Structure formats: C-alpha cells, structure tokens
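J.: My structure is in run_17.txt, and what it holds is compact mmCIF, C-alpha atoms:
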# COMPACT_ATOMS: atom_id res chain seq x y z
CA MET A 28 47.61 159.33 97.33
CA TRP A 29 43.85 160.07 97.42
CA GLY A 30 44.48 163.56 98.78
CA ARG A 31 46.56 164.41 95.72
CA ILE A 32 44.01 162.98 93.29
CA ILE A 33 41.05 164.78 94.88
CA GLY A 34 43.01 168.03 95.17
CA LEU A 35 44.02 167.83 91.51
CA LEU A 36 40.47 167.21 90.29
CA LEU A 37 38.97 170.00 92.42
CA GLY A 38 41.66 172.40 91.26
CA LEU A 39 40.95 171.57 87.62
CA ALA A 40 37.25 172.12 88.15
CA PHE A 41 37.62 175.56 89.72
CA ALA A 42 40.74 177.14 88.27
CA TRP A 43 42.05 174.86 85.53
CA LEU A 44 45.86 174.52 85.47
CA PRO A 45 46.80 176.88 88.36
CA GLY A 46 44.08 175.37 90.49
CA ALA A 47 45.18 171.86 89.59
CA ILE A 48 48.74 172.60 90.73
CA LEU A 49 47.59 174.17 93.99
CA GLY A 50 45.14 171.33 94.63
CA PHE A 51 47.84 168.72 94.04
CA VAL A 52 50.23 170.40 96.50
CA VAL A 53 47.55 170.71 99.18
CA GLY A 54 46.56 167.08 98.62
CA TRP A 55 50.20 165.99 98.90
CA TRP A 56 50.53 167.64 102.30
CA PHE A 57 47.28 166.03 103.39
CA ASP A 58 48.52 162.59 102.33
CA ARG A 59 51.77 163.10 104.24
CA ALA A 60 49.95 164.07 107.44
CA LEU A 61 47.55 161.14 107.08
CA ALA A 62 50.42 158.71 106.50
CA ARG A 63 52.20 159.92 109.64
CA ASP A 64 49.05 159.43 111.70
CA PHE A 65 48.41 156.01 110.19
CA ARG A 66 51.93 154.72 110.78
CA GLY A 67 51.75 155.58 114.45
CA ALA A 68 48.09 154.76 115.07
CA GLY A 69 48.42 151.08 115.90
CA PHE A 70 47.11 151.84 119.38
CA GLY A 71 45.40 155.16 118.79
CA LYS A 72 48.51 157.28 119.51
CA LEU A 73 51.21 158.83 117.41
CA TRP A 74 54.55 157.11 117.87
CA HIS A 75 56.20 160.11 119.53
CA ARG A 76 53.50 160.20 122.22
CA LEU A 77 53.95 156.61 123.31
CA ASP A 78 55.16 156.10 126.85
CA GLU A 79 57.20 153.08 127.95
CA ALA A 80 54.12 150.87 128.31
CA GLY A 81 52.91 151.98 124.90
CA ARG A 82 56.21 151.08 123.26
CA GLU A 83 56.17 147.66 124.90
CA GLN A 84 52.63 147.09 123.68
CA LEU A 85 53.58 148.21 120.18
CA PHE A 86 56.54 145.80 120.10
CA PHE A 87 54.34 142.94 121.35
CA HIS A 88 51.51 143.64 118.91
CA THR A 89 53.75 144.17 115.88
CA SER A 90 55.75 141.02 116.65
CA PHE A 91 52.72 138.77 116.46
CA ALA A 92 51.12 140.67 113.57
CA VAL A 93 54.25 140.25 111.44
CA MET A 94 54.33 136.56 112.41
CA GLY A 95 50.81 136.28 111.00
CA HIS A 96 51.88 138.04 107.82
CA LEU A 97 54.84 135.70 107.45
CA ALA A 98 52.56 132.69 107.90
CA LYS A 99 50.26 134.00 105.17
CA ALA A 100 53.13 134.77 102.79
CA LYS A 101 53.07 131.26 101.33
CA GLY A 102 49.47 131.68 100.17
CA ARG A 103 47.64 130.15 103.08
CA VAL A 104 48.27 129.71 106.78
CA ARG A 105 49.08 126.06 107.43
CA GLU A 106 48.47 124.08 110.58
CA GLU A 107 52.22 124.01 111.16
CA ASP A 108 52.32 127.82 111.16
CA ILE A 109 49.52 128.06 113.71
CA ALA A 110 51.21 125.38 115.81
CA ALA A 111 54.52 127.29 115.73
CA ALA A 112 52.83 130.52 116.83
CA SER A 113 50.93 128.67 119.58
CA ALA A 114 54.13 126.99 120.75
CA LEU A 115 55.78 130.40 121.03
CA MET A 116 52.85 131.67 123.09
CA ASP A 117 53.26 128.64 125.36
CA ARG A 118 56.98 129.32 125.77
CA LEU A 119 56.14 132.89 126.75
CA HIS A 120 53.50 131.62 129.20
CA LEU A 121 50.84 133.78 127.58
CA SER A 122 47.33 133.24 128.89
CA GLY A 123 44.09 135.12 129.31
CA ALA A 124 43.99 138.62 127.86
CA LYS A 125 47.65 138.54 126.76
CA ARG A 126 47.18 135.37 124.75
CA ARG A 127 44.01 136.75 123.16
CA ALA A 128 45.90 139.93 122.27
CA ALA A 129 48.67 137.88 120.62
CA GLN A 130 46.13 135.78 118.71
CA GLU A 131 44.26 138.88 117.54
CA ALA A 132 47.50 140.49 116.35
CA PHE A 133 48.40 137.28 114.47
CA ARG A 134 44.99 137.32 112.75
CA GLU A 135 45.42 140.99 111.91
CA GLY A 136 48.77 140.31 110.27
CA LYS A 137 47.50 137.50 108.07
CA ALA A 138 44.49 139.47 106.87
CA ALA A 139 44.50 140.79 103.31
CA GLY A 140 45.75 144.34 103.09
CA TYR A 141 47.83 144.32 106.28
CA PRO A 142 50.10 147.41 105.98
CA LEU A 143 53.38 145.63 106.72
CA GLU A 144 55.77 148.46 105.95
CA ALA A 145 53.70 151.12 107.76
CA ALA A 146 53.29 148.97 110.87
CA VAL A 147 56.97 148.03 111.05
CA GLN A 148 58.10 151.61 110.39
CA ALA A 149 55.86 152.84 113.21
CA MET A 150 57.47 150.42 115.63
CA GLY A 151 60.95 151.30 114.36
CA GLU A 152 60.28 155.00 114.90
CA ALA A 153 58.93 154.37 118.40
CA LEU A 154 62.11 152.43 119.23
CA ALA A 155 64.47 154.73 117.36
CA GLY A 156 68.08 154.09 118.33
CA GLN A 157 67.35 150.80 120.10
CA HIS A 158 69.37 148.70 117.66
CA ASP A 159 69.59 145.64 119.92
CA LEU A 160 65.82 145.56 120.35
CA LEU A 161 65.19 145.90 116.62
CA GLN A 162 67.69 143.10 116.00
CA LEU A 163 65.83 140.87 118.45
CA PHE A 164 62.60 141.67 116.61
CA MET A 165 64.21 140.45 113.38
CA GLU A 166 65.53 137.34 115.14
CA ILE A 167 62.03 136.49 116.38
CA GLN A 168 60.63 136.71 112.85
CA VAL A 169 63.50 134.71 111.34
CA ALA A 170 63.07 131.98 113.97
CA LEU A 171 59.36 131.66 113.23
CA ALA A 172 59.98 131.53 109.47
CA LEU A 173 62.48 128.70 110.09
CA ALA A 174 60.23 126.81 112.49
CA ASP A 175 59.56 124.14 109.85
CA GLY A 176 63.27 123.82 109.07
CA LYS A 177 63.30 125.70 105.79
CA LEU A 178 62.95 129.25 104.56
CA GLN A 179 60.72 129.67 101.55
CA VAL A 180 61.17 132.39 98.93
CA ALA A 181 57.96 134.15 99.94
CA GLU A 182 59.04 134.20 103.59
CA ARG A 183 62.45 135.57 102.64
CA LYS A 184 60.78 138.40 100.72
CA VAL A 185 58.66 139.36 103.74
CA LEU A 186 61.73 139.33 106.00
CA GLU A 187 63.55 141.56 103.52
CA ARG A 188 60.65 144.03 103.53
CA VAL A 189 60.73 144.06 107.34
CA ARG A 190 64.50 144.66 107.35
CA LYS A 191 64.18 147.56 104.93
CA SER A 192 61.30 149.09 106.89
CA LEU A 193 63.46 149.07 110.02
CA GLY A 194 66.42 150.57 108.16
CA LEU A 195 68.72 147.71 109.16
CA PRO A 196 71.86 146.83 107.13
CA GLU A 197 71.34 144.65 104.07
CA ARG A 198 73.90 142.08 105.21
CA MET A 199 72.18 141.62 108.57
CA LEU A 200 69.40 139.35 107.34
CA ASP A 201 71.74 136.75 105.83
CA GLY A 202 73.74 136.69 109.05
CA LEU A 203 70.64 136.28 111.22
CA ILE A 204 69.37 133.44 109.03
CA ARG A 205 72.70 131.60 109.28
CA MET A 206 72.87 132.07 113.03
CA ALA A 207 69.23 131.02 113.50
CA LYS A 208 69.80 127.80 111.56
CA ALA A 209 72.95 127.10 113.55
CA GLY A 210 71.13 127.87 116.79
CA GLN A 211 68.37 125.41 115.97
CA ALA A 212 70.85 122.68 115.09
CA PHE A 213 72.95 123.42 118.18
CA THR A 214 70.12 123.40 120.70
CA GLN A 215 68.43 120.35 119.18
CA ALA A 216 71.57 118.20 119.00
CA PRO A 217 72.24 115.79 121.89
CA GLU A 218 74.39 117.34 124.61
CA GLN A 219 76.85 114.47 124.46
CA SER A 220 77.49 115.06 120.75
CA ARG A 221 80.19 117.59 121.58
CA TYR A 222 82.11 117.66 118.33
CA GLY A 223 79.00 117.31 116.20
CA ARG A 224 77.76 120.58 117.72
CA LEU A 225 81.04 122.46 117.42
CA GLY A 226 80.43 123.85 113.93
CA GLN A 227 77.01 125.14 114.93
CA ALA A 228 78.53 126.74 118.05
CA TYR A 229 80.88 128.84 115.92
CA GLU A 230 78.09 129.75 113.49
CA LEU A 231 75.78 130.72 116.34
CA LEU A 232 78.37 133.30 117.40
CA GLY A 233 78.78 134.44 113.79
CA LEU A 234 82.30 132.99 113.53
CA SER A 235 84.23 130.47 111.48
CA PRO A 236 86.17 127.62 113.16
CA GLU A 237 89.41 129.40 112.17
CA ALA A 238 88.69 132.31 114.54
CA ASP A 239 91.22 132.67 117.35
CA MET A 240 90.14 132.59 120.99
CA ALA A 241 90.37 136.36 121.31
CA ALA A 242 87.84 136.74 118.49
CA VAL A 243 85.63 134.10 120.13
CA ARG A 244 85.64 136.02 123.40
CA ARG A 245 84.83 139.30 121.64
CA ALA A 246 81.93 137.72 119.74
CA TYR A 247 80.63 136.11 122.93
CA LYS A 248 80.71 139.38 124.92
CA LYS A 249 79.07 141.29 122.07
CA ALA A 250 76.28 138.71 121.68
CA MET A 251 75.64 138.63 125.43
CA ALA A 252 75.49 142.42 125.60
CA GLU A 253 73.03 142.53 122.69
CA HIS A 254 70.70 139.93 124.21
CA HIS A 255 70.87 140.58 127.96
CA PRO A 256 67.22 140.42 129.13
CA ASP A 257 67.48 143.28 131.65
CA LYS A 258 69.13 145.55 129.11
CA LEU A 259 66.51 144.80 126.46
CA MET A 260 63.63 145.30 128.90
CA ALA A 261 65.05 148.71 129.81
CA LYS A 262 64.89 149.58 126.11
CA GLY A 263 61.27 148.52 125.65
CA LEU A 264 61.13 144.71 125.44
CA PRO A 265 57.77 143.59 126.85
CA PRO A 266 58.15 141.55 130.07
CA GLU A 267 56.12 138.77 128.45
CA MET A 268 58.85 138.35 125.81
CA GLN A 269 61.76 138.31 128.23
CA GLU A 270 61.90 134.52 127.90
CA LEU A 271 63.10 134.87 124.30
CA ALA A 272 66.09 136.92 125.38
CA LYS A 273 66.84 134.41 128.15
CA GLU A 274 66.74 131.50 125.69
CA ARG A 275 69.06 133.35 123.35
CA THR A 276 71.62 134.14 126.06
CA GLN A 277 71.53 130.53 127.27
CA ALA A 278 72.29 129.29 123.75
CA ILE A 279 75.12 131.83 123.40
CA GLN A 280 76.63 130.74 126.73
CA ALA A 281 76.36 127.06 125.77
CA ALA A 282 78.03 127.72 122.41
CA TYR A 283 80.88 129.61 124.08
CA ARG A 284 81.42 126.82 126.62
CA GLN A 285 81.47 124.26 123.77
CA ILE A 286 84.17 126.17 121.89
CA LYS A 287 86.20 126.90 125.02
CA ALA A 288 86.13 123.24 126.10
CA HIS A 289 87.27 122.16 122.64
CA ARG A 290 90.12 124.68 122.59
CA GLU A 291 91.25 123.60 126.05
CA GLY A 292 90.99 119.96 125.11
CA THR A 293 88.56 119.08 127.91
Would you mind writing the file out in structure tokens?
T.:
Amino acid sequence: MWGRIIGLLLGLAFAWLPGAILGFVVGWWFDRALARDFRGAGFGKLWHRLDEAGREQLFFHTSFAVMGHLAKAKGRVREEDIAAASALMDRLHLSGAKRRAAQEAFREGKAAGYPLEAAVQAMGEALAGQHDLLQLFMEIQVALALADGKLQVAERKVLERVRKSLGLPERMLDGLIRMAKAGQAFTQAPEQSRYGRLGQAYELLGLSPEADMAAVRRAYKKAMAEHHPDKLMAKGLPPEMQELAKERTQAIQAAYRQIKAHREGT
C-alpha cells in the first residue's frame, strides 16, 4: 500500500484534491504491479515465465518454507518440529545441495514476516489447474502438522490460510486431516492386527464402513489416480519428492487390500 500513500501525499502537495486522487490511482497501480512481481519472485522470475524445472523448484522450496512457518506457528520451533522436518528429508534421501536448500527454505519460512499467502499464491498460480499436485502439497503440510500426533489451533489456522491461498474447497482441509490421522494409525498398526486396522482403512479412502464394494473400488481408483507418482511428476512434482507419492499409493493399496480381504472373508 506504500505506493498509494506516497501517491496521495505527493498529489496533495502539488495539486490538492485533484492531485491527491490522481496520485492515489497511480500509486494503486504501482502497488498492484509490485505485488504481482513479489508473488512470483521466489526465484527471481515471474510465475508465468517459469519452465518445468522452475515450477519443480518452486514446489520444493515452498513446501519446506511452509513447513517452517507451520513449525513456528506455535510460538517457537521445538526440537520435535526440527526432528520431523529432518526425518522427512531423510525419507526423501536429500543430501548435499538439495538438503541445504530444504533447510534454508525451512529457515526462511519460520522467520518473522514470512509472506505466507503471497508465497503460496505464487506457487498455486505457477501450478494452475494441477489440482492433484496442489492437494498433495496440502497433504504434505497436514502430515507434518500431525507429526506429533495432534493438531494445535495455531497449526490449523496456518493450514486454513494455505488452503484459502490455493483456492481449494473449504471442506477439503477437514477431509485431509481425517485421512492423514487414519493413514498414520493404519501404517503404524501391526500388520497382523487386521480388524483393528479396518476402520482406519476405510477412513484413509475417505469412506465409512457402510460403503458398498462398488464405492470402495471407486474411491480406491480415484485415490490412486490422484497420487500416481509418474502422473504427479509430469505435472511438476520434484523428483526428490516422488517418494511421498509412492508412500501414499502404497498406503492406499494396503487399505484397499485390507477392506477387500475383510469383505471376502479371507
């Protein structure tokens, strides 16, 4: 808004009311242009000029920066938050320059004044129309927020701001939180505890136990299509984060097999 303020003051100084109006309008246009540049300038380029590698880099950087912001949301970054982020980097086999880039993005996100909405909007614009990829981005953030087993109010507020900045449906966040909790419980439960995992299997697919087998199959195919690693990489998922899509599809397949075995009585 500084463009509008400066334009207004200069207009008042030189031409009183008419000048003030003209100065405000010119300043408004300046602020709009600056905001567009800032939203897309995470890597020194406007979002519409990013090539495939640039979009992958933007997704990677924004993912870890928002993780840092989530960690800071509770007032201070705890050891558990750092450990969760480091564990994710280990799962993704990040080392050398890539790990340093992830760590730097995490530090950037937890710094005071991090422009959360602008950064997330820039990524959303760069990946416009790639709904599955934006959903995976939200799933990554939800999973990190739930790494300690609970979702705090401050974390929920940050996730809601991210959802709004991406223009995703309001109901989506609640569904992703439920499925993430079910996924954690399902994957952490002992394999032999078949019936103890059954409820989480349904929840992981976004279903209730009353769903018929046709609905189960539809939900399974939809979830697999949304999380297929090759499909997501073609849309801009960084190769380094392919492991997350693989883990998700493995959990979906395991949940489907659990339900199918129960329905068939095997």
J.: Would you be able to write out as a list in words which residues have an atom within 10 Å of (86.6, 131.1, 116.7) in the file's coordinates, counting only C-alpha atoms?
T.: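 Checked against the point, the hits come out as Gly226, Ala228, Tyr229, Glu230, Leu232, Gly233, Leu234, Ser235, Pro236, Glu237, Ala238, Asp239, Met240, Ala241, Ala242, Val243, Arg244, Arg245, Ala246, Tyr247, Tyr283, Ile286, Lys287 and Arg290 of chain A.
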J.: Within 12 Å of stretch 195-211 of chain A, which residues of stretch 248-275 of chain A show up? Give each one with its shortest atom-to-atom distance in Å (one decimal) and the two atoms involved, counting all atoms listed in the file, rows by chain then rising residue number, as JSON lines.
T.:
{"residue": "A:Ala250", "atom": "CA", "partner": "A:Met206", "partner_atom": "CA", "distance": 11.4}
{"residue": "A:Glu274", "atom": "CA", "partner": "A:Gly210", "partner_atom": "CA", "distance": 10.6}
{"residue": "A:Arg275", "atom": "CA", "partner": "A:Gly210", "partner_atom": "CA", "distance": 8.8}
J.: Using atom CA of A:His96 and atom CA of A:Leu160 as the two end points, give the distance in Å to one decimal.
T.: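 Atom CA of A:Leu160 lies at a distance of 20.2 Å from atom CA of A:His96.
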J.: What is the atom CA of A:Leu121 to atom CA of A:Phe91 distance in Å?
T.: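 Taking atom CA of A:Leu121 and atom CA of A:Phe91, their separation equals 12.3 Å.
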J.: For a test of reading the model, state the distance in Å between atom CA of A:Gln162 and atom CA of A:His289, rounded to one decimal.
T.: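 Distance reported for this atom pair: 29.4 Å.
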J.: Go through A:Ser90, A:Gln179, A:Thr276, A:Thr214 one by one, measure the shortest atom-to-atom distance of each to A:Lys249 using all atoms listed in the file, and give the residue with the smallest value.
T.: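 Among the listed residues, the smallest separation from A:Lys249 belongs to A:Thr276.
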J.: Please provide the set of residues having any atom within 7 Å of A:Gly136, restricted to only C-alpha atoms, with same-chain residues fewer than 3 positions apart removed, written as a PyMOL selection string.
T.: chain A and resi 92-93+95-96+132-133+141
J.: Need the neighbours of (63.4, 135.3, 102.7): which residues are at most 12 Å away, counting only C-alpha atoms, as a list in words?
T.: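 Here is the list of nearby residues: Leu97, Ala100, Lys101, Met165, Gln168, Val169, Ala170, Leu171, Ala172, Leu173, Lys177, Leu178, Gln179, Val180, Ala181, Glu182, Arg183, Lys184, Val185, Leu186, Glu187, Arg188, Val189, Arg190, Leu200, Asp201, Leu203, Ile204 and Arg205 of chain A.
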J.: Pick the closest to A:Lys273 from A:Ile109, A:Leu225, A:Leu119, A:Ala288: which is it, counting only C-alpha atoms?
T.: A:Leu119
J.: Check the smallest atom-to-atom distance from each of A:Arg224, A:Lys191, A:His158, A:Arg82 to A:Lys258 using all atoms listed in the file, then report the winner.
T.: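 The answer is A:His158, which sits nearest to A:Lys258.
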J.: From the options A:Gln215, A:Gln148, A:Thr89, A:Gln157, which residue's atoms come nearest to A:Arg134, counting only C-alpha atoms?
T.: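 Between A:Gln215, A:Gln148, A:Thr89, A:Gln157, the residue approaching A:Arg134 most closely is A:Thr89.
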J.: As a list in words, please: the residues near A:Ala111 (cut-off 9 Å, all atoms listed in the file, same-chain neighbours under 5 positions excluded).
T.: Glu106, Met116, Leu171, Ala174 and Asp175 of chain A
J.: For A:Ala155, work out the shell of residues within 12 Å, counting all atoms listed in the file and skipping chain neighbours fewer than 2 positions away, then give it as a VMD selection string.
T.: chain A and resid 74 to 75 82 147 to 153 157 to 161 193 to 195 262 to 263
